[in-house]
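Q: For reference, the structure I am asking about is given below.
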Amino acid sequence: MRISLFSAALVAALVGYGSTIALLLAAAQAVGATPEQTGSWIFAICLAKAAGSAFLSLRARIPIVLAWSTPGAALVAASQGLSMAEAVAAFVFAGLLIALTGGLRPLGRMIAALPDAVAAAMLAGVLLPFCLAVPGHAAAAPALILPVVAVFLGVRLFSPAQAVLAALATGLILSFALPGAAALPDLTFTLPRLTFIAPDFDIGALIGLGLPLYLVTMASQNLPGFAVLRAAGYTPPVRQALTVTGGLSALTAFFGAHTISMAAITAAICLGDDVHPDRTQRWKVGLVYAGIWVALGLFGPVILALIGAMPAALVATIAGLALIAPFLGAASAAFAAMDTRFAAGTTLIVTASGVAVFGIGAAFWGLIAGLVVHALDKAKRRPV
C-alpha cells in the first residue's frame, strides 16, 4: 500500500464530494426532505459508494471507483410537486432498471439504441436552468457571489477538477466572515443515522423522475465511466458493475439515496501511473477510496451543518458552477451530428422549459419530443 494510493483516493473523494454536495442538498430540498431524511440520504449514498467501490475493485482486481449520479441529482433538484416518498419510489425504480440492464441483454440493447444526441440533449436541458441562475445570484449579492465565481474561474485555469471545491471553500469562508451573511452553526459531532422512508409508487413520479433518472445515469455516468477504464487499459466488468450499482441504489433508496454509478472524472484521478507503477496493484486504490467515503459519511452531519448555514443563493451558485462543465459536454454531444441536431434541440427546449403534463416532469416529455422528431427525420431520409 503506497502513499500515492491514499493521496489519489483522497483527492478523488474530496473532489467528488465537495464539488456536488450543494447539488444534493438542492435535490433534497426540491422533494421536501426533512433534515433527518437529508442526513440519511447523504450517509446512505456514501456507504453505497464505499461498498460498491470496495467490492468491485476487490472482485475484478482493477481500480473501480463509484460516484453518486450528479446529473441525476440535478434532475431531482429540477423536479416539481414531488414528495420525498414519491422520490424514493422513483429511486428504487431507477436502481432496479440499472440492475436489470446488467442482467438482461435485451434491455441493454434497447438503451444502446437510444440516439446519443437525444439523451445528451435531455441531460443538457436538465442542467441548463441551474447554470442560468448563477448570473442572477451574482447580481443580487455581488459581494458574496462574485469572489466565489472569481476563485472558480482562476482555479479552473490550472486544475478544472478542483475548481468547484475551491469555490465551495471560498464560499464557506465568506459566509461566516462577511457581516450578516451567516452565523457559524454548532459543530458538535454526532453520528449520522439511516432513516427508513416508505416509498409511494406514483406512476407519474416513476415515469417523470424514475425513468429519466435511469437514462441520465446510464448515458452520462455509467457509459463514460466504462470508457475511462478502457482508455486506461482495463476491461471493465460491465454487467457486474451495473448489477452491483443498480442493486445498491435500489437498496439505499429506501433510506433516501438516489442512484450511484461508475465515476468518470474522479476515476481518472485513480488510474494514472502516479497512483501505482504496477498496474496490477492499482486496484487497491478502490479499497482506500471506500474507506474515505465511509469517513465522509460519518462526518456528514458536521459538513451538512456548515453548508446548510450558508446563504441559499451561495449554495445555488456553487451548484450552478459545478454543472457548467457537464452542461457543455452534454450540449456538445447533443449538437455534434447534423442529422440529429433538430431532434436534440427539440429535446433540450422541452426539457429546459420545466413543463409538467399529467404530473410527469419535463425530462420525460423532452425525451419523447426528441424521439418523435428523430423518427420523423429518419422517415424523411429513408428512400421510397
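By convention in this document, the chains of the C-alpha cells carry letters A, B, ... by their order, each chain's residues are numbered from 1, and ligands are numbered from 1 in the order they are shown.
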Determine, counting only C-alpha atoms, which protein, DNA and RNA residues have an atom within 10 Å of an atom of Leu168 (chain A); residues of the same chain fewer than 2 positions away are not included. Present the result as a ChimeraX atom specification.
A: /A:18-22,148,151-152,162-166,170-174,307,314-315,317-319,322
Q: Write out as a ChimeraX atom specification each polymer residue whose atoms come within 10 Å of region 359-372 of chain A, counting only C-alpha atoms; drop sequence neighbours fewer than 3 positions from it.
A: /A:75,78-82,114-115,117-123,125-126,202-213,215-216,340-356,375-378
Q: What does the structure give for the distance between CA of Arg279 (chain A) and CA of Phe226 (chain A), in Å to one decimal?
A: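 Separation of CA of Arg279 (chain A) and CA of Phe226 (chain A): 17.1 Å.
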Q: For Leu191 (chain A), which residue among A:Val88, A:Val149, A:Cys270, A:Val302 is the nearest when counting only C-alpha atoms?
A: A:Val302
Q: Grab the CA of Phe130 (chain A) to CA of Ala74 (chain A) distance for me, in Å with one decimal place.
A: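 Atom-to-atom, CA of Phe130 (chain A) to CA of Ala74 (chain A), that is 8.2 Å.
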Q: For Ala231 (chain A), list every protein, DNA or RNA residue within 12 Å, evaluated using only C-alpha atoms, and leave out those in the same chain fewer than 4 positions away; present the list as JSON, numbers by chain.
A: {"A": [224, 225, 226, 227, 235, 236, 264, 267, 268, 271, 272]}
Q: Using C-alpha atoms, can you export the residues from the last selection as a PDB file, in the first residue's frame?
A:
```pdb
ATOM      1  CA  PRO A 224     -18.370   7.376 -19.716  1.00  0.00           C
ATOM      2  CA  GLY A 225     -17.131   5.567 -16.610  1.00  0.00           C
ATOM      3  CA  PHE A 226     -16.611   2.369 -18.577  1.00  0.00           C
ATOM      4  CA  ALA A 227     -14.919   4.354 -21.340  1.00  0.00           C
ATOM      5  CA  THR A 235     -11.515  -4.211 -19.227  1.00  0.00           C
ATOM      6  CA  PRO A 236     -14.463  -3.091 -17.100  1.00  0.00           C
ATOM      7  CA  ALA A 264     -15.627   9.197 -14.813  1.00  0.00           C
ATOM      8  CA  ALA A 267     -11.982   7.781 -11.719  1.00  0.00           C
ATOM      9  CA  ALA A 268      -9.307   9.288 -13.949  1.00  0.00           C
ATOM     10  CA  LEU A 271      -5.978   5.359 -12.835  1.00  0.00           C
ATOM     11  CA  GLY A 272      -2.645   7.002 -13.652  1.00  0.00           C
TER      12      GLY A 272
END
```
Q: Which neighbours of Gln37 (chain A) fall inside 10 Å, counting only C-alpha atoms, when residues of the same chain fewer than 3 positions from it are skipped, and could you give them as a PyMOL selection string?
A: chain A and resi 28+32-34+40-43+84+193-197+255-257
Q: Taking only C-alpha atoms into account, which of A:Ala133, A:Ala253, A:Leu304, A:Ala113 comes nearest Ala89 (chain A)?
A: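 Checking each candidate against Ala89 (chain A), we get A:Ala253 as the closest.
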Q: Find, counting only C-alpha atoms, the residue in A:Ala263, A:Val31, A:Ala250, A:Val275 that gets nearest to Phe91 (chain A).
A: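 Residue with the minimum atom-to-atom distance to Phe91 (chain A): A:Ala250.
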Q: Name the closest residue to Leu306 (chain A) among the candidates A:His276, A:Ala330, A:Phe176, A:Met218; distances are taken between atoms, counting only C-alpha atoms.
A: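 Among A:His276, A:Ala330, A:Phe176, A:Met218, it is A:Phe176 that comes nearest to Leu306 (chain A).
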